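Below: data_14.txt (compact mmCIF, C-alpha atoms)
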```
# COMPACT_ATOMS: atom_id res chain seq x y z
CA MET A 1 25.48 -6.33 -5.82
CA LYS A 2 26.88 -2.85 -6.34
CA MET A 3 24.85 0.26 -7.09
CA PRO A 4 25.92 0.60 -10.78
CA GLU A 5 24.87 -3.03 -11.40
CA ILE A 6 21.47 -2.38 -9.82
CA ILE A 7 20.92 0.67 -12.02
CA VAL A 8 21.88 -1.28 -15.17
CA LEU A 9 19.64 -4.21 -14.19
CA ASN A 10 16.73 -1.86 -13.55
CA TYR A 11 17.25 -0.21 -16.92
CA ILE A 12 17.33 -3.60 -18.67
CA LYS A 13 14.26 -4.73 -16.75
CA ASN A 14 12.34 -1.69 -17.99
CA PHE A 15 13.65 -1.22 -21.52
CA ARG A 16 15.19 -4.60 -22.55
CA ARG A 17 18.01 -2.78 -24.30
CA ILE A 18 20.99 -0.57 -23.54
CA ASN A 19 21.32 3.15 -24.05
CA PHE A 20 24.90 4.10 -23.34
CA GLU A 21 24.22 7.80 -23.28
CA VAL A 22 21.59 7.46 -20.57
CA LEU A 23 23.53 4.94 -18.49
CA SER A 24 26.84 6.79 -18.83
CA ALA A 25 25.18 9.96 -17.58
CA GLU A 26 23.37 8.16 -14.77
CA LEU A 27 26.41 6.23 -13.55
CA ASN A 28 28.89 8.99 -14.33
CA MET A 29 31.07 6.48 -16.20
CA PRO A 30 32.46 6.24 -19.76
CA PRO A 31 30.57 3.86 -22.12
CA THR A 32 33.31 1.21 -21.99
CA MET A 33 32.95 0.92 -18.21
CA VAL A 34 29.18 0.53 -18.60
CA ALA A 35 29.89 -2.19 -21.18
CA GLN A 36 32.15 -3.94 -18.65
CA ILE A 37 29.32 -3.98 -16.09
CA ILE A 38 26.95 -5.45 -18.70
CA ASN A 39 29.57 -8.03 -19.66
CA ARG A 40 30.01 -9.00 -16.00
CA LEU A 41 26.24 -9.38 -15.55
CA TYR A 42 26.13 -11.52 -18.71
CA LEU A 43 29.00 -13.77 -17.63
CA THR A 44 27.45 -14.29 -14.17
CA GLN A 45 24.16 -15.15 -15.98
CA LEU A 46 22.21 -12.37 -14.28
CA ILE A 47 21.14 -11.22 -17.74
CA LYS A 48 20.52 -13.03 -21.01
CA TYR A 49 20.87 -11.79 -24.59
CA GLU A 50 18.22 -13.24 -26.90
CA ASN A 51 16.94 -11.96 -30.27
CA ASN A 52 18.86 -8.71 -29.90
CA GLN A 53 17.18 -8.09 -26.54
CA PHE A 54 18.50 -8.13 -23.00
CA ILE A 55 16.46 -10.00 -20.43
CA ILE A 56 16.95 -10.29 -16.68
CA SER A 57 17.38 -13.85 -15.40
CA GLU A 58 14.27 -15.34 -13.75
CA ASN A 59 16.34 -16.39 -10.75
CA LEU A 60 17.43 -12.87 -9.98
CA GLU A 61 15.84 -11.52 -6.84
CA SER A 62 16.82 -8.29 -5.21
CA PRO A 63 14.80 -5.90 -3.06
CA LEU A 64 16.19 -3.07 -5.18
CA LEU A 65 14.56 -4.48 -8.33
CA LYS A 66 11.09 -4.75 -6.81
CA ASN A 67 10.34 -1.14 -7.56
CA ASN A 68 9.05 -1.01 -11.12
CA GLU A 69 10.50 2.42 -11.70
CA TRP A 70 13.99 2.58 -12.98
CA TYR A 71 16.09 3.04 -9.83
CA THR A 72 17.31 6.57 -9.57
CA THR A 73 17.03 9.39 -7.11
CA GLU A 74 17.56 12.18 -9.56
CA GLU A 75 13.92 13.27 -9.35
CA LYS A 76 14.18 13.51 -5.60
CA LEU A 77 17.20 15.74 -5.88
CA VAL A 78 15.53 18.23 -8.16
CA ILE A 79 12.79 18.77 -5.58
CA ASP A 80 11.01 22.09 -5.49
CA LYS A 81 13.45 23.94 -3.31
CA PRO A 82 12.24 27.51 -2.71
CA GLU A 83 14.77 29.64 -4.48
CA PHE A 84 15.94 32.80 -2.80
CA GLU A 85 15.25 35.77 -4.99
CA TRP A 86 18.12 38.22 -5.19
CA ASN A 87 15.97 41.10 -6.22
CA TYR A 88 16.87 43.54 -3.43
CA LEU A 89 19.83 44.31 -1.28
CA TYR A 90 19.49 42.87 2.19
CA VAL A 91 21.14 45.06 4.83
CA PRO A 92 21.01 43.73 8.40
CA GLU A 93 19.48 46.16 10.93
CA ASN A 94 22.58 46.15 13.09
CA PHE A 95 24.86 46.76 10.11
CA ASP A 96 26.37 49.96 11.61
CA ILE A 97 27.35 48.21 14.82
CA ILE A 98 29.11 45.26 13.09
CA MET B 99 11.62 31.72 -47.23
CA ASP B 100 9.84 28.94 -49.17
CA LEU B 101 10.82 26.19 -46.80
CA ASP B 102 9.00 25.93 -43.49
CA ILE B 103 10.96 24.76 -40.40
CA ASP B 104 8.29 22.15 -39.58
CA ASP B 105 8.59 20.66 -43.09
CA VAL B 106 12.37 20.52 -42.73
CA ILE B 107 12.06 18.79 -39.35
CA ASN B 108 9.72 16.20 -40.88
CA GLU B 109 12.09 15.65 -43.81
CA PHE B 110 15.00 15.30 -41.40
CA TYR B 111 13.19 12.68 -39.29
CA THR B 112 12.05 10.79 -42.41
CA TYR B 113 15.51 10.89 -44.00
CA ASN B 114 17.02 9.42 -40.83
CA SER B 115 14.12 7.02 -40.09
CA ILE B 116 13.73 8.51 -36.63
CA LYS B 117 10.45 8.51 -34.74
CA PRO B 118 10.26 12.01 -33.22
CA ASP B 119 8.27 10.76 -30.23
CA ASP B 120 11.11 8.46 -29.17
CA TYR B 121 13.38 11.23 -27.90
CA ILE B 122 13.22 13.97 -25.28
CA SER B 123 16.15 16.13 -24.18
CA ASP B 124 15.06 16.54 -20.57
CA SER B 125 16.34 13.56 -18.56
CA LYS B 126 13.63 13.88 -15.90
CA LEU B 127 10.78 13.90 -18.44
CA ALA B 128 12.41 11.12 -20.44
CA LYS B 129 12.42 8.86 -17.39
CA ILE B 130 8.82 9.65 -16.46
CA ASN B 131 7.59 9.10 -20.04
CA ARG B 132 9.95 6.17 -20.71
CA LYS B 133 11.61 7.88 -23.67
CA ASP B 134 15.22 8.03 -24.71
CA ILE B 135 17.32 11.10 -24.02
CA ASP B 136 18.77 13.03 -26.93
CA LYS B 137 19.95 16.55 -26.27
CA PHE B 138 20.06 17.46 -29.99
CA ILE B 139 16.98 16.00 -31.65
CA GLY B 140 14.68 15.60 -28.64
CA LYS B 141 11.18 16.66 -29.65
CA ASP B 142 11.11 19.32 -26.93
CA VAL B 143 14.22 21.19 -28.12
CA PHE B 144 14.87 20.44 -31.78
CA LYS B 145 12.68 23.15 -33.27
CA LEU B 146 13.95 25.78 -30.86
CA ASN B 147 17.57 24.79 -31.53
CA ILE B 148 16.99 25.07 -35.29
CA LYS B 149 15.46 28.54 -34.85
CA ASN B 150 18.41 29.73 -32.76
CA TRP B 151 20.88 28.31 -35.27
CA ILE B 152 19.16 29.58 -38.39
CA ASN B 153 18.82 33.11 -36.99
CA SER B 154 22.51 33.72 -37.50
CA PHE B 155 22.01 33.59 -41.28
CA GLU B 156 20.45 36.32 -43.40
CA GLU B 157 16.74 35.88 -44.08
CA LYS B 158 16.99 35.09 -47.83
CA GLU B 159 19.93 32.75 -47.28
CA LYS B 160 18.36 30.62 -44.52
CA ILE B 161 16.73 28.35 -47.08
CA TYR B 162 20.07 26.90 -48.20
CA PHE B 163 20.96 25.81 -44.68
CA LEU B 164 17.49 24.37 -44.14
CA LYS B 165 17.93 22.36 -47.33
CA LEU B 166 21.24 21.03 -46.00
CA LEU B 167 19.49 20.06 -42.78
CA SER B 168 16.78 18.14 -44.62
CA LYS B 169 19.49 15.78 -45.99
CA TYR B 170 21.61 15.73 -42.84
CA LYS B 171 22.57 12.26 -41.55
CA TYR B 172 21.90 11.87 -37.83
CA VAL B 173 22.84 8.48 -36.37
CA ASP B 174 20.79 7.98 -33.21
CA CYS B 175 21.71 5.47 -30.51
CA ARG B 176 19.34 2.77 -31.81
CA GLU B 177 20.61 2.99 -35.39
CA TYR B 178 24.20 3.05 -34.15
CA GLN B 179 23.74 -0.25 -32.32
CA TYR B 180 21.89 -1.78 -35.27
CA ILE B 181 24.64 -0.76 -37.73
CA LEU B 182 27.45 -2.18 -35.58
CA CYS B 183 25.54 -5.45 -35.31
CA ASP B 184 25.00 -5.52 -39.08
CA LEU B 185 28.65 -4.64 -39.75
CA VAL B 186 29.83 -7.59 -37.65
CA ASP B 187 27.45 -9.92 -39.54
CA THR B 188 28.85 -8.67 -42.87
CA LEU B 189 32.37 -9.16 -41.53
CA ASP B 190 31.48 -12.69 -40.41
CA GLU B 191 30.27 -13.60 -43.91
CA TYR B 192 33.39 -12.09 -45.49
CA LEU B 193 35.65 -14.04 -43.12
CA LYS B 194 33.86 -17.32 -43.82
CA ILE B 195 34.57 -16.89 -47.54
CA LYS B 196 38.25 -16.31 -46.70
CA GLY B 197 38.34 -19.37 -44.41
CA TYR B 198 38.40 -17.56 -41.07
CA ASN B 199 35.88 -17.00 -38.27
CA LEU B 200 35.11 -14.21 -35.80
CA SER B 201 37.02 -15.80 -32.93
CA GLN B 202 40.28 -15.33 -34.87
CA VAL B 203 39.76 -11.57 -35.12
CA VAL B 204 41.24 -8.73 -33.08
CA PHE B 205 39.44 -5.38 -33.31
CA VAL B 206 41.65 -2.30 -33.07
CA THR B 207 40.08 1.11 -32.46
CA VAL B 208 41.83 4.43 -32.97
CA GLU B 209 43.98 5.28 -29.98
CA SER B 210 43.50 8.88 -29.03
CA ASN B 211 44.76 11.12 -26.24
CA VAL B 212 41.50 13.02 -26.24
CA LYS B 213 37.92 11.74 -26.03
CA SER B 214 37.05 10.07 -29.34
CA GLY B 215 34.41 7.87 -30.94
CA GLY B 216 36.61 4.86 -30.14
CA ASP B 217 35.20 4.61 -26.63
CA ASN B 218 31.62 4.40 -27.93
CA ILE B 219 32.54 1.90 -30.65
CA ARG B 220 34.26 -0.41 -28.15
CA ALA B 221 31.28 -0.31 -25.79
CA VAL B 222 28.57 -0.84 -28.41
CA LEU B 223 30.62 -3.42 -30.36
CA GLN B 224 31.00 -5.50 -27.21
CA VAL B 225 27.41 -5.22 -26.00
CA SER B 226 25.58 -5.49 -29.35
CA ASN B 227 27.56 -8.60 -30.29
CA MET B 228 27.57 -10.30 -26.90
CA ASN B 229 27.17 -13.81 -28.34
CA LYS B 230 29.76 -13.35 -31.08
CA ILE B 231 32.68 -11.29 -29.77
CA ASN B 232 34.69 -11.65 -26.60
CA LYS B 233 35.70 -8.43 -24.83
CA ASN B 234 39.37 -9.46 -24.99
CA GLN B 235 39.16 -9.27 -28.78
CA ILE B 236 38.63 -5.50 -28.63
CA ILE B 237 41.80 -3.49 -28.18
CA ALA B 238 41.70 0.10 -26.99
CA ALA B 239 45.33 1.07 -26.48
CA ILE B 240 47.56 -0.62 -29.03
CA SER B 241 50.67 0.88 -27.40
CA LYS B 242 50.01 -1.01 -24.16
CA ILE B 243 49.37 -4.57 -25.38
CA GLU B 244 51.79 -7.47 -25.71
CA ASN B 245 53.06 -8.80 -29.06
CA GLU B 246 51.53 -12.19 -28.25
CA GLU B 247 47.96 -10.89 -28.41
CA ILE B 248 48.45 -9.67 -31.97
CA ASP B 249 50.53 -12.70 -32.92
CA ASN B 250 47.72 -15.09 -31.91
CA ALA B 251 45.17 -13.32 -34.11
CA LYS B 252 44.71 -14.34 -37.73
CA VAL B 253 42.72 -11.26 -38.74
CA ILE B 254 43.14 -7.65 -37.60
CA VAL B 255 40.20 -5.31 -38.07
CA PHE B 256 40.76 -1.57 -37.73
CA ILE B 257 37.36 -0.24 -36.76
CA ASP B 258 36.11 3.36 -36.71
CA ASP B 259 32.79 5.19 -36.90
CA ILE B 260 33.66 7.30 -39.95
CA ILE B 261 36.35 7.53 -42.61
CA GLY B 262 36.10 11.11 -43.78
CA THR B 263 39.49 11.67 -45.37
CA GLY B 264 41.31 8.40 -44.62
CA ILE B 265 44.20 10.24 -42.97
CA THR B 266 43.47 9.06 -39.39
CA THR B 267 42.77 5.49 -40.52
CA TYR B 268 45.99 5.26 -42.54
CA THR B 269 48.06 6.79 -39.70
CA ASN B 270 46.60 4.26 -37.27
CA ILE B 271 47.29 1.29 -39.56
CA LYS B 272 50.85 2.47 -40.17
CA LYS B 273 51.45 2.96 -36.43
CA VAL B 274 50.18 -0.53 -35.61
CA CYS B 275 52.26 -2.14 -38.38
CA GLU B 276 55.41 -0.38 -37.16
CA ARG B 277 54.75 -1.32 -33.54
CA PHE B 278 54.22 -5.03 -34.38
CA GLU B 279 56.74 -5.43 -37.17
CA CYS B 280 58.40 -8.31 -35.29
CA VAL B 281 55.23 -10.48 -35.41
CA ASN B 282 54.89 -10.21 -39.20
CA ILE B 283 51.66 -8.31 -39.08
CA LYS B 284 51.74 -7.79 -42.85
CA ASP B 285 51.20 -11.55 -43.33
CA LYS B 286 47.89 -11.41 -41.50
CA GLU B 287 44.51 -10.57 -43.03
CA LEU B 288 44.12 -6.82 -42.49
CA LEU B 289 40.70 -5.20 -42.73
CA VAL B 290 39.21 -1.78 -42.16
CA ALA B 291 35.60 -1.68 -40.97
CA CYS B 292 33.60 1.49 -40.56
CA LEU B 293 30.02 2.66 -40.29
CA TYR B 294 30.17 5.48 -42.82
CA ALA B 295 32.84 6.30 -45.37
CA ARG B 296 33.60 8.48 -48.35
CA LYS B 297 34.63 6.51 -51.43
CA LYS B 298 37.56 8.87 -52.03
CA ALA B 299 38.75 8.30 -48.45
CA ILE B 300 38.61 4.52 -48.89
CA LYS B 301 40.71 4.79 -52.05
CA HIS B 302 43.19 6.98 -50.14
CA VAL B 303 43.56 4.34 -47.39
CA GLU B 304 43.99 1.47 -49.87
CA LYS B 305 46.46 3.40 -52.02
CA SER B 306 48.57 4.70 -49.12
CA CYS B 307 48.73 1.25 -47.50
CA LYS B 308 49.79 -0.34 -50.77
CA LYS B 309 52.67 2.14 -51.00
CA ILE B 310 54.14 0.79 -47.74
CA GLY B 311 53.49 -2.83 -48.69
CA ILE B 312 50.26 -3.43 -46.77
CA ASN B 313 47.15 -4.93 -48.34
CA VAL B 314 43.92 -3.87 -46.67
CA SER B 315 40.28 -4.43 -47.62
CA VAL B 316 37.59 -2.01 -46.49
CA ILE B 317 34.12 -3.02 -45.28
CA TYR B 318 31.62 -0.26 -44.61
CA TYR B 319 27.91 0.06 -43.87
CA ASN B 320 27.07 3.04 -46.04
CA LYS B 321 28.81 5.62 -48.16
CA LEU B 322 28.66 9.35 -47.51
CA ASN B 323 27.87 12.01 -50.08
CA GLN B 324 29.43 15.44 -50.15
CA CYS B 325 26.89 18.22 -49.78
CA PHE B 326 27.66 19.86 -53.14
CA GLU B 327 27.27 16.75 -55.27
CA ASN B 328 25.04 17.36 -58.29
CA ASP B 329 21.31 16.85 -57.73
CA TYR B 330 21.87 15.55 -54.20
CA ILE B 331 20.66 18.55 -52.21
CA PHE B 332 20.77 21.42 -54.69
CA SER B 333 19.72 21.34 -58.32
CA SER B 334 22.36 22.29 -60.87
CA LYS B 335 20.44 25.54 -61.39
CA GLU B 336 20.76 26.75 -57.80
CA MET B 337 24.11 25.06 -57.05
CA GLU B 338 26.42 27.99 -57.75
CA TYR B 339 24.51 30.51 -55.66
CA ALA B 340 23.97 27.97 -52.82
CA LYS B 341 27.69 27.15 -52.85
CA ASN B 342 28.63 30.83 -52.59
CA VAL B 343 26.26 31.43 -49.69
CA ILE B 344 27.36 28.35 -47.72
CA CYS B 345 31.06 29.02 -48.35
CA LYS B 346 30.61 32.63 -47.15
CA TYR B 347 29.26 31.48 -43.78
CA GLU B 348 31.71 28.59 -43.51
CA LYS B 349 34.58 31.06 -43.87
CA ARG B 350 33.07 33.43 -41.35
CA ILE B 351 32.37 30.77 -38.71
CA ASN B 352 35.76 29.11 -39.21
CA GLU B 353 37.58 32.37 -38.58
CA ASP B 354 35.47 33.87 -35.80
CA PRO B 355 37.35 32.82 -33.70
CA LYS B 356 39.90 30.70 -35.55
CA VAL B 357 41.07 27.56 -33.75
CA LYS B 358 44.88 27.72 -33.57
CA ASP B 359 46.55 25.73 -36.38
CA LYS B 360 43.22 24.21 -37.46
CA ASP B 361 41.16 24.82 -40.54
CA TYR B 362 37.55 23.69 -40.52
CA TYR B 363 36.34 25.59 -43.60
CA LEU B 364 33.86 23.16 -45.26
CA GLY B 365 34.84 20.61 -42.62
CA PHE B 366 38.25 19.10 -41.86
CA SER B 367 40.26 18.85 -45.08
CA LYS B 368 37.21 20.27 -46.94
CA SER B 369 35.34 16.96 -46.57
CA LYS B 370 31.96 18.73 -47.05
CA LEU B 371 30.05 16.10 -45.06
CA LEU B 372 26.78 16.34 -43.16
CA ILE B 373 26.79 13.77 -40.36
CA THR B 374 26.41 13.59 -36.57
CA PHE B 375 26.55 10.59 -34.29
CA THR B 376 24.49 10.74 -31.13
CA TYR B 377 27.67 11.18 -29.04
CA GLU B 378 29.70 13.49 -31.33
CA THR B 379 29.81 15.37 -34.61
CA PRO B 380 32.85 14.47 -36.75
CA ASN B 381 34.95 17.50 -37.70
CA ASN B 382 34.50 16.46 -41.36
CA THR B 383 31.01 17.98 -41.15
CA LEU B 384 30.54 21.59 -42.33
CA CYS B 385 31.62 23.77 -39.41
CA SER B 386 28.39 25.83 -39.63
CA PHE B 387 26.68 22.89 -37.93
CA TRP B 388 29.05 22.29 -35.01
CA LYS B 389 31.46 25.19 -34.39
CA TYR B 390 30.74 27.95 -31.89
CA SER B 391 31.42 31.40 -33.25
CA ASN B 392 30.83 34.92 -32.07
CA GLN B 393 27.76 35.19 -34.29
CA SER B 394 26.18 31.76 -34.22
CA ALA B 395 25.03 28.91 -31.98
CA PRO B 396 25.70 25.53 -33.61
CA LEU B 397 22.95 22.96 -34.03
CA PHE B 398 25.10 19.90 -33.24
CA PRO B 399 28.06 21.27 -31.22
CA ARG B 400 31.12 19.10 -30.83
CA GLN B 401 31.62 17.86 -27.27
CA SER B 402 35.29 18.80 -27.27
CA GLN B 403 34.15 22.41 -27.14
CA GLU B 404 32.03 21.93 -24.04
CA ARG B 405 33.24 22.06 -20.44
CA PRO B 406 31.15 20.71 -17.54
CA SER B 407 30.08 23.44 -15.14
CA ILE B 408 30.76 23.30 -11.39
CA ASP B 409 27.00 22.92 -10.84
CA GLN B 410 26.86 19.87 -13.13
CA LEU B 411 29.77 18.22 -11.29
CA LYS B 412 28.19 19.00 -7.89
CA LYS B 413 24.89 17.56 -9.06
CA LYS B 414 26.56 14.37 -10.32
CA LYS B 415 28.32 13.89 -6.98
CA ALA B 416 25.10 14.49 -5.05
CA ILE B 417 23.21 11.94 -7.22
CA SER B 418 25.82 9.23 -6.62
CA PHE B 419 25.83 9.96 -2.87
CA ASN B 420 22.05 9.91 -2.60
CA ASN B 421 21.76 6.77 -4.75
CA ALA B 422 24.03 4.89 -2.33
CA TYR B 423 22.09 6.23 0.69
CA GLU B 424 18.67 5.29 -0.75
CA ALA B 425 19.90 1.82 -1.71
CA GLY B 426 21.27 1.31 1.82
CA LYS B 427 17.87 2.27 3.28
CA VAL B 428 16.02 -0.26 1.07
CA ILE B 429 18.41 -3.08 1.99
CA LYS B 430 18.21 -2.22 5.73
CA ASN B 431 14.36 -2.24 5.63
CA GLU B 432 14.33 -5.60 3.84
CA ASN B 433 16.65 -7.16 6.41
CA ALA B 434 14.76 -5.70 9.41
```
Mind turning this structure into structure tokens?
Amino acid sequence: MKMPEIIVLNYIKNFRRINFEVLSAELNMPPTMVAQIINRLYLTQLIKYENNQFIISENLESPLLKNNEWYTTEEKLVIDKPEFEWNYLYVPENFDII
Amino acid sequence: MDLDIDDVINEFYTYNSIKPDDYISDSKLAKINRKDIDKFIGKDVFKLNIKNWINSFEEKEKIYFLKLLSKYKYVDCREYQYILCDLVDTLDEYLKIKGYNLSQVVFVTVESNVKSGGDNIRAVLQVSNMNKINKNQIIAAISKIENEEIDNAKVIVFIDDIIGTGITTYTNIKKVCERFECVNIKDKELLVACLYARKKAIKHVEKSCKKIGINVSVIYYNKLNQCFENDYIFSSKEMEYAKNVICKYEKRINEDPKVKDKDYYLGFSKSKLLITFTYETPNNTLCSFWKYSNQSAPLFPRQSQERPSIDQLKKKKAISFNNAYEAGKVIKNENA
């Protein structure tokens, strides 16, 4: 299974619906490409569509779906990196020799 | 000012049947709190955005724009999916009466060189009607498909999110009919389906098509009112003054700076509409709501005006890279 499919499956597992804006932003794809992924998952019976809700197939087992959180690393990327403050001019001590 | 911003926000949410707690603009917070992302009406930004927008108007004239906002149609992602589902059901009933069924239909969206609502319609139409419509029935680029595909269909549905003036819809129908003249497209059942439409625009489409020998029927979910219709937003007593104030700002925002060869005074072709879809604001909406100018920040800016920053692109690339790396780690640990 490819990464975009895992992200879509995790979203469906958590929300039981599709939000194209969220998934397009997460996968960096236009909505029609997200729809193609969903269609592929539906045709391969990895997801079902019942009563206007999407459900993940009971048979589907993947280590990547075990985590209950929707799979994304965005939070990890926005970690608290100490930002350098440009509030004074830094002049190296050996500036005159350079 | 008699109207309080909080009251207007409440009226706006009620008018659009939106639960304010459902949306947050910050993607990180939305994921943690399991909310949907909406950069315009997210509870964390909406009030601030309104304040920034309304500040560009003079104090005593702000009330007229707040009144417009209280009757502003905002179609969020949930409603959008619901409407497209409902529209297909209505279409299905209509076709049954005419002796057809959904499998005999081809959906044609507006082909555009720039980003348009067509992409969203195709995606939502396919996913929200998974059990009813096949993806091959939805056509994106009419110029690139074979005659056979159209010839096999019994019904052709031209689908769009909004018919504001009818000009784009008519142009699209005419283009398709010219392109497929050899397969006798005029003998097929031709329909126009849209989410929101102006009655005048529908008449324009029907009339123009009739002139070139095409019979089309229009199916729509809801009709749109123009903002200056009597007793819709403004009472007949305050109408004249409100009109003058709004027109003054519309003129100013349209011309500061003026988009080359385009006129958005009171919306494209003076449509005077108040509507935004979650992914885009149609240019038929009053330009005070979506156009950047040197004096104002729009409340629902059109995406065509935005450009992604280098930082945004770098961040997107880093997320994709890290996603693949993290997924690889999980799989490796499972297999170990």
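Going from atom CA of A:Leu41 over to atom CA of A:Leu9, you cover 8.5 Å.
All residues of protein, DNA or RNA that reach within 9 Å of A:Gln36, judged by all atoms listed in the file and not counting those fewer than 2 positions away in the chain, are Pro31, Thr32, Met33, Val34, Ile38, Asn39, Arg40 and Leu41 of chain A; Ala221, Gln224, Val225 and Lys233 of chain B.
One finds atom CA of B:Val203 at 6.2 Å from atom CA of B:Lys252.
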Original post:
In Å, how far is it from atom CA of B:Ala251 to atom CA of B:Val204?
Top reply: 6.1 Å
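The protein and nucleic acid residues lying at most 12 Å from A:Ser62 are A:Met1, A:Lys2, A:Met3, A:Glu5, A:Ile6, A:Ile7, A:Leu9, A:Asn10, A:Leu46, A:Ile56, A:Ser57, A:Asn67, B:Ala425, B:Val428, B:Ile429, B:Glu432, B:Asn433, with all atoms listed in the file considered and sequence neighbours fewer than 5 positions away removed.
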**OP:** Could you please select, counting all atoms listed in the file, the residues of chain B within 10 Å of chain A and state them as number ranges by chain?
**Re:** B: 125-130, 132-136, 175-176, 179-180, 183, 213, 216-229, 232-233, 238, 376-377, 411, 413-426, 428-429, 431-433
Subject >> Minimum-distance residue to A:Arg16, chosen among A:Ile47, A:Ile37, A:Ile55, A:Met29 (using all atoms listed in the file) >> reply: A:Ile55
**OP:** For each of B:Lys169, B:Lys149, B:Lys117, B:Lys358, take the minimum atom-to-atom distance to B:Leu322, counting all atoms listed in the file, then give the residue where this is smallest.
**Re:** B:Lys169
Original post:
Quick one: residues within 9 Å of B:Ala291, all atoms listed in the file counted, chain neighbours fewer than 6 positions away excluded, as a list in words?
Top reply: Leu185, Val186, Leu189, Val255, Phe256, Ile257, Asp258, Asp259, Ser315, Val316, Ile317, Tyr318 and Tyr319 of chain B
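Look at B:Lys272: the protein and nucleic acid residues within 10 Å of it, using all atoms listed in the file and passing over chain neighbours fewer than 5 places away, are Thr266, Thr267, Arg277, Ser306, Cys307, Ile310 and Ile312 of chain B.
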